[in-house]
There are 2 protein chains.
Amino acid sequence: MKRQERKTGGIDRESKVNMEEPQESMTERRKELLRTIINEYVNNYLPVSSEMIVNKYKLPISPATVRNEMAELEREGYITHPHTSAGRIPSDKGYRYYVEHLMERQGGLSLPEQHNIQHQFYQVQLELNEGIRLAAGVVARTSQNVGVVSSPYVFDGRLKRLEVIGVQERLALVVAVTQDGSIKEQMLSLKEPITQEELSIISNRLNATLHNQNRTQIEKKVQDWAEELDKIVATRLVEMLRSLEQYRDVQLYREGLANILNQPEFNNISTMRQVMQTIETGTALPTLIPEILQNYESGVQVVIGGENRFDDMRLLSVVLARYGIDGQVIGVVGLVGSTRMEYNRSISTVQYIAQLMTNLLTGHSGNNFIGPT
Amino acid sequence: MKRQERKTGGIDRESKVNMEEPQESMTERRKELLRTIINEYVNNYLPVSSEMIVNKYKLPISPATVRNEMAELEREGYITHPHTSAGRIPSDKGYRYYVEHLMERQGGLSLPEQHNIQHQFYQVQLELNEGIRLAAGVVARTSQNVGVVSSPYVFDGRLKRLEVIGVQERLALVVAVTQDGSIKEQMLSLKEPITQEELSIISNRLNATLHNQNRTQIEKKVQDWAEELDKIVATRLVEMLRSLEQYRDVQLYREGLANILNQPEFNNISTMRQVMQTIETGTALPTLIPEILQNYESGVQVVIGGENRFDDMRLLSVVLARYGIDGQVIGVVGLVGSTRMEYNRSISTVQYIAQLMTNLLTGHSGNNFIGPT
DNA sequence: TTTTAGCACTCATAGTAATAGAGTGCTAAT
DNA sequence: ATTAGCACTCTATTACTATGAGTGCTAAAA
């Protein structure tokens, strides 16, 4: 009897979730709750329990209600359980939602902090490489995480030469060389068979039009041809040109590795080792940086827990931003920390420092960030 | 009864130690034993017990004898006990003795390893700063410790101006400025009172003779004057000139921080943290590097467990060597690892790489380690 | 329909105790 | 001088037992 009633209730609740609010099951109350859980957890690193949260935040609902809501949030994947009788902790999805919808966007850095950062930059006349290291150090100290800065990449992406070589009947190899000497090869599979002569003609035509043009210009022209050229070929070409810009090895400076070990979630030997290894020699960062470099529109980027792409980053989040001037000299500055970081603060910090570095590079200030060669 | 006999025996032994072999209590057998203990411990990180060592190394003596010898070595401070019923482990003094008297001096690096290292250097055309980082990385990978390299310091130590200013009756301030702009002040207390006029005369005379001379030349001249000048003043002057060369901040590159965490002796959270902190931001390395730079004669230097000077280095040893050409451009390359390291190998590695870097800097090879500015 | 009190259940954590065994130091014999 | 023998010390391991925090579910209240 009771059993039945319960089951019905359960189904009711579920059906409601699935049917009445299929895409937006996040009630205002749940959002608020999730935000509170994350704030709590970020500050205290303790699974957040229903009763505690009610008392501490004087919530106008009972622990039982909170438990129900929590159960719902868990079903949706925003929070989890370490074990049955423990409070809730945010999942990566929870953090993601927080960063995108819940977080107070501004006010990460106080004015004194901003001045402090500025001081660290302006104090010294710097040669470029030292400036980079300094920046990483500033990020590290300000955020108490690992500071990461890529050396600025002076890119001359104007096309020098493009060659299309037939490999098989419907397979061509495209080789592109840019003014700064980067080389990129890419295979292209074609819809229809094509002879080397035809390819040469295409090649010549492309060269004639695209020579000495930069990626943006080329992309525009290629778009215009899209129909004529065959859509796939066009996108692959653009892809290749883009990847050219990430081709160069970017040097990566890391500072404050020790900071991250102070986080209690790494209070365990193998985790510590794994984390250090990942940050120092892992592939995640070297993969992410070029992606950021390519991302021309966006501001600060956040990758939470490796976002399913990097296994060894499961416990780490990365906050990155570009600095420098698009098309001339750009680099990436950011930080690596625990997924349980103060995203608000991290983002503000990175944003601020990126802006500062950009100013320094463009000479907005009196400081010559890049000293005499 | 027994008690008395025992006591007498104890006194006998002690008196023997103190009287018969006051300075050289190290018998050949004890040396051999210490060497074995260290080798064992370095390899297995297990306190070395008497019985095990006898069995494993087929020693022609009994465990009891080994225990007696061990007790003696412990009394002398070369080894210790973690606790009563544990085997012996080397002390810092033990390692020191090992490094200085017991270690097989050569043969740390196999030929393939040497070639491997060379490869890593010669493969790439490098800009200076990248070369430095690379070197640190090579050390780190080869030694599985933390690689450390200071940026080479281009030093123009020729004296530009020397000023002697009277402060009190018998106290003078000496200010030296070198061609590269370094400034050094030093107080000098004088045997006899002296007036500012006299000081000015001395000052002028010194300038006339020492202007545009480098430290070595100056040192020689100052030596010649030693009697005339008053010995203390002379040595202080030389000291000051020396310290000028360490005045500049040297940039320090560290690579392979994660390596060191793989050592089992750091299998403990707070130790790990402390070690990382020490290496990343501690003062020990920045203090040691300039000292090495000044040390004109010596080859590889080993600092074991901070050698009582650096508290936070108690668990760490440093192996450093200079690279570059004296008086022109010099830097330091080396590694940081557990006190329980393979000193033999570490020393050989550092030595080899330092030599290689020197060759690259002096252009002995085709590689331009310093690329176009 | 939503909220809440009540309660059984789960599980991590801390503390206690007992045991095994590795290795020493000392004594007495060789 | 060396060694066998042995008492003694101390660590590490295991097993066991609370303890209590926090949940999920049920049934009652709003």
# chains A, B, ... in the order shown; residues from 1 in each chain; ligands from 1
$ closest_atom_pairs --of "chain A" --to "chain B" --cutoff "12 Å" --atoms "only C-alpha atoms" --output "tab-separated table"
residue	atom	partner	partner_atom	distance
A:Glu127	CA	B:Asn129	CA	11.2
A:Leu128	CA	B:Asn129	CA	10.5
A:Asn129	CA	B:Asn129	CA	7.6
A:Glu130	CA	B:Gln251	CA	8.4
A:Gly131	CA	B:Gln251	CA	11.8
A:Ile132	CA	B:Asn129	CA	11.8
A:Arg133	CA	B:Gln251	CA	9.9
A:Leu134	CA	B:Gln251	CA	10.9
A:Gly137	CA	B:Thr281	CA	10.7
A:Ala140	CA	B:Thr281	CA	11.9
A:Arg141	CA	B:Thr281	CA	11.3
A:Val146	CA	B:Glu280	CA	11.8
A:Ser151	CA	B:Glu130	CA	10.8
A:Asp249	CA	B:Glu130	CA	11.7
A:Val250	CA	B:Glu130	CA	11.0
A:Gln251	CA	B:Glu130	CA	8.3
A:Leu252	CA	B:Arg133	CA	10.6
A:Tyr253	CA	B:Arg133	CA	10.0
A:Arg254	CA	B:Glu255	CA	9.9
A:Glu255	CA	B:Glu280	CA	8.3
A:Gly256	CA	B:Glu280	CA	7.2
A:Leu257	CA	B:Glu280	CA	7.7
A:Ala258	CA	B:Met276	CA	5.4
A:Asn259	CA	B:Gln277	CA	8.0
A:Ile260	CA	B:Arg273	CA	9.4
A:Leu261	CA	B:Arg273	CA	6.3
A:Asn262	CA	B:Arg273	CA	7.1
A:Gln263	CA	B:Arg273	CA	10.3
A:Pro264	CA	B:Ile269	CA	10.0
A:Glu265	CA	B:Ile269	CA	11.5
A:Phe266	CA	B:Ile269	CA	8.8
A:Asn267	CA	B:Ile269	CA	6.3
A:Asn268	CA	B:Ile269	CA	6.6
A:Ile269	CA	B:Ile269	CA	6.3
A:Ser270	CA	B:Asn267	CA	8.9
A:Thr271	CA	B:Ile269	CA	10.4
A:Met272	CA	B:Ile269	CA	8.3
A:Arg273	CA	B:Leu261	CA	6.3
A:Gln274	CA	B:Ala258	CA	8.6
A:Val275	CA	B:Ala258	CA	8.8
A:Met276	CA	B:Ala258	CA	5.4
A:Gln277	CA	B:Ala258	CA	5.5
A:Thr278	CA	B:Ala258	CA	9.0
A:Ile279	CA	B:Ala258	CA	9.0
A:Glu280	CA	B:Ala258	CA	7.0
A:Thr281	CA	B:Gly256	CA	8.3
A:Gly282	CA	B:Ala258	CA	11.1
A:Pro372	CA	B:Thr373	CA	10.3
A:Thr373	CA	B:Thr373	CA	6.7
$ interface_residues --of "chain C" --to "chain B" --cutoff "8 Å" --atoms "only C-alpha atoms (C1' of nucleotides)" --output "PyMOL selection string"
chain C and resi 22-24+26-27
$ atom_distance --atom1 "atom CA of Val42 of chain A" --atom2 "atom CA of Ser348 of chain A"
16.6 Å
$ interface_residues --of "chain D" --to "chain A" --cutoff "9 Å" --atoms "only C-alpha atoms (C1' of nucleotides)" --output "list in words"
DA21, DG22, DT23, DG24, DC25, DT26 and DA27 of chain D
$ write_last_selection --atoms "C-alpha atoms (C1' of nucleotides)" --output "CSV table (one decimal), in the first residue's frame"
chain,number,residue,atom,x,y,z
D,21,DA,C1',26.7,12.6,10.5
D,22,DG,C1',23.6,12.6,6.9
D,23,DT,C1',20.7,10.5,3.9
D,24,DG,C1',16.2,8.5,1.8
D,25,DC,C1',11.7,7.3,2.5
D,26,DT,C1',7.2,7.4,4.7
D,27,DA,C1',3.5,9.4,6.6
$ atom_distance --atom1 "atom C1' of DA7 of chain D" --atom2 "atom CA of Tyr57 of chain B"
28.0 Å
$ residues_around --residues "DG20 of chain D" --least-positions-apart "6" --cutoff "12 Å" --atoms "only C-alpha atoms (C1' of nucleotides)" --output "number ranges by chain"
A: 85-86; C: 10-14
$ write_last_selection --atoms "N, CA and C atoms (P, O5', C5', C4', C3', O3' and C1' of nucleotides)" --output "PDB file, in the first residue's frame"
ATOM      1  N   SER A  85      26.015   8.458   3.217  1.00  0.00           N
ATOM      2  CA  SER A  85      25.676   9.320   4.338  1.00  0.00           C
ATOM      3  C   SER A  85      26.537  10.580   4.383  1.00  0.00           C
ATOM      4  N   ALA A  86      26.819  11.100   3.227  1.00  0.00           N
ATOM      5  CA  ALA A  86      27.586  12.342   3.195  1.00  0.00           C
ATOM      6  C   ALA A  86      26.761  13.422   2.520  1.00  0.00           C
TER       7      ALA A  86
ATOM      8  P    DT C  10      21.284  -0.609   5.478  1.00  0.00           P
ATOM      9  O5'  DT C  10      22.301   0.554   5.130  1.00  0.00           O
ATOM     10  C5'  DT C  10      21.923   1.557   4.185  1.00  0.00           C
ATOM     11  C4'  DT C  10      23.086   2.493   3.978  1.00  0.00           C
ATOM     12  C3'  DT C  10      24.443   1.790   3.929  1.00  0.00           C
ATOM     13  O3'  DT C  10      25.158   2.349   2.850  1.00  0.00           O
ATOM     14  C1'  DT C  10      24.458   3.473   5.604  1.00  0.00           C
ATOM     15  P    DC C  11      26.407   1.623   2.240  1.00  0.00           P
ATOM     16  O5'  DC C  11      27.580   2.507   2.839  1.00  0.00           O
ATOM     17  C5'  DC C  11      27.510   3.928   2.654  1.00  0.00           C
ATOM     18  C4'  DC C  11      28.475   4.587   3.598  1.00  0.00           C
ATOM     19  C3'  DC C  11      29.840   3.882   3.690  1.00  0.00           C
ATOM     20  O3'  DC C  11      30.828   4.853   3.414  1.00  0.00           O
ATOM     21  C1'  DC C  11      29.003   4.395   5.839  1.00  0.00           C
ATOM     22  P    DA C  12      32.271   4.443   3.003  1.00  0.00           P
ATOM     23  O5'  DA C  12      33.088   5.564   3.776  1.00  0.00           O
ATOM     24  C5'  DA C  12      32.708   6.923   3.612  1.00  0.00           C
ATOM     25  C4'  DA C  12      33.120   7.703   4.834  1.00  0.00           C
ATOM     26  C3'  DA C  12      34.596   7.575   5.187  1.00  0.00           C
ATOM     27  O3'  DA C  12      35.071   8.842   5.595  1.00  0.00           O
ATOM     28  C1'  DA C  12      33.274   6.864   7.016  1.00  0.00           C
ATOM     29  P    DT C  13      36.617   9.096   5.658  1.00  0.00           P
ATOM     30  O5'  DT C  13      36.821   9.484   7.180  1.00  0.00           O
ATOM     31  C5'  DT C  13      35.715   9.949   7.958  1.00  0.00           C
ATOM     32  C4'  DT C  13      35.990   9.705   9.421  1.00  0.00           C
ATOM     33  C3'  DT C  13      37.460   9.474   9.753  1.00  0.00           C
ATOM     34  O3'  DT C  13      37.864  10.457  10.699  1.00  0.00           O
ATOM     35  C1'  DT C  13      36.101   7.828  10.783  1.00  0.00           C
ATOM     36  P    DA C  14      39.369  10.470  11.256  1.00  0.00           P
ATOM     37  O5'  DA C  14      39.157   9.929  12.734  1.00  0.00           O
ATOM     38  C5'  DA C  14      37.959  10.250  13.437  1.00  0.00           C
ATOM     39  C4'  DA C  14      38.006   9.594  14.801  1.00  0.00           C
ATOM     40  C3'  DA C  14      39.412   9.439  15.366  1.00  0.00           C
ATOM     41  O3'  DA C  14      39.388   9.701  16.761  1.00  0.00           O
ATOM     42  C1'  DA C  14      38.421   7.302  15.109  1.00  0.00           C
TER      43       DA C  14
END
$ closest_residue --among "A:Thr27, A:Asn39, A:Met52, A:His211" --to "Leu159 of chain A" --atoms "only C-alpha atoms"
A:His211
$ residues_around --residues "DT14 of chain D" --least-positions-apart "6" --cutoff "12 Å" --atoms "only C-alpha atoms (C1' of nucleotides)" --output "number ranges by chain"
C: 17-20
$ residues_around --residues "Ile347 of chain A" --least-positions-apart "2" --cutoff "8 Å" --atoms "only C-alpha atoms (C1' of nucleotides)" --output "PyMOL selection string"
chain A and resi 108+300+319+343-345+349-351
$ write_last_selection --atoms "C-alpha atoms" --output "compact mmCIF listing (two decimals), in the first residue's frame"
# COMPACT_ATOMS: atom_id res chain seq x y z
CA GLY A 108 36.46 39.60 -8.42
CA VAL A 300 38.07 34.32 -20.81
CA VAL A 319 40.99 29.56 -16.85
CA TYR A 343 35.78 30.80 -10.56
CA ASN A 344 34.57 34.29 -10.11
CA ARG A 345 37.86 35.47 -8.76
CA THR A 349 42.11 37.90 -12.24
CA VAL A 350 42.94 36.38 -15.56
CA GLN A 351 40.87 38.92 -17.39
$ select_by_dssp --residues "segment 282-313 of chain B" --states "alpha helix (DSSP H)" --output "MDAnalysis selection string"
chainID B and resid 284:294
$ write_last_selection --atoms "N, CA and C atoms" --output "mmCIF file, in the first residue's frame"
data_model
loop_
_atom_site.group_PDB
_atom_site.id
_atom_site.type_symbol
_atom_site.label_atom_id
_atom_site.label_comp_id
_atom_site.auth_asym_id
_atom_site.auth_seq_id
_atom_site.Cartn_x
_atom_site.Cartn_y
_atom_site.Cartn_z
ATOM 1 N N ALA B 284 67.101 29.139 -0.469
ATOM 2 C CA ALA B 284 68.343 28.382 -0.496
ATOM 3 C C ALA B 284 69.000 28.438 -1.874
ATOM 4 N N LEU B 285 68.250 28.117 -2.902
ATOM 5 C CA LEU B 285 68.833 28.113 -4.241
ATOM 6 C C LEU B 285 69.317 29.496 -4.646
ATOM 7 N N PRO B 286 68.502 30.523 -4.521
ATOM 8 C CA PRO B 286 68.981 31.855 -4.881
ATOM 9 C C PRO B 286 70.198 32.290 -4.063
ATOM 10 N N THR B 287 70.391 31.693 -2.923
ATOM 11 C CA THR B 287 71.579 32.013 -2.143
ATOM 12 C C THR B 287 72.786 31.233 -2.661
ATOM 13 N N LEU B 288 72.533 29.992 -2.979
ATOM 14 C CA LEU B 288 73.637 29.125 -3.384
ATOM 15 C C LEU B 288 74.206 29.507 -4.744
ATOM 16 N N ILE B 289 73.343 29.820 -5.670
ATOM 17 C CA ILE B 289 73.803 30.063 -7.032
ATOM 18 C C ILE B 289 74.898 31.140 -7.099
ATOM 19 N N PRO B 290 74.695 32.289 -6.508
ATOM 20 C CA PRO B 290 75.758 33.296 -6.568
ATOM 21 C C PRO B 290 77.061 32.810 -5.940
ATOM 22 N N GLU B 291 76.927 32.014 -4.915
ATOM 23 C CA GLU B 291 78.140 31.483 -4.287
ATOM 24 C C GLU B 291 78.908 30.611 -5.264
ATOM 25 N N ILE B 292 78.176 29.805 -5.970
ATOM 26 C CA ILE B 292 78.820 28.954 -6.958
ATOM 27 C C ILE B 292 79.470 29.816 -8.035
ATOM 28 N N LEU B 293 78.767 30.854 -8.416
ATOM 29 C CA LEU B 293 79.302 31.735 -9.463
ATOM 30 C C LEU B 293 80.625 32.339 -9.049
ATOM 31 N N GLN B 294 80.751 32.602 -7.761
ATOM 32 C CA GLN B 294 81.974 33.227 -7.289
ATOM 33 C C GLN B 294 83.136 32.267 -7.165
#
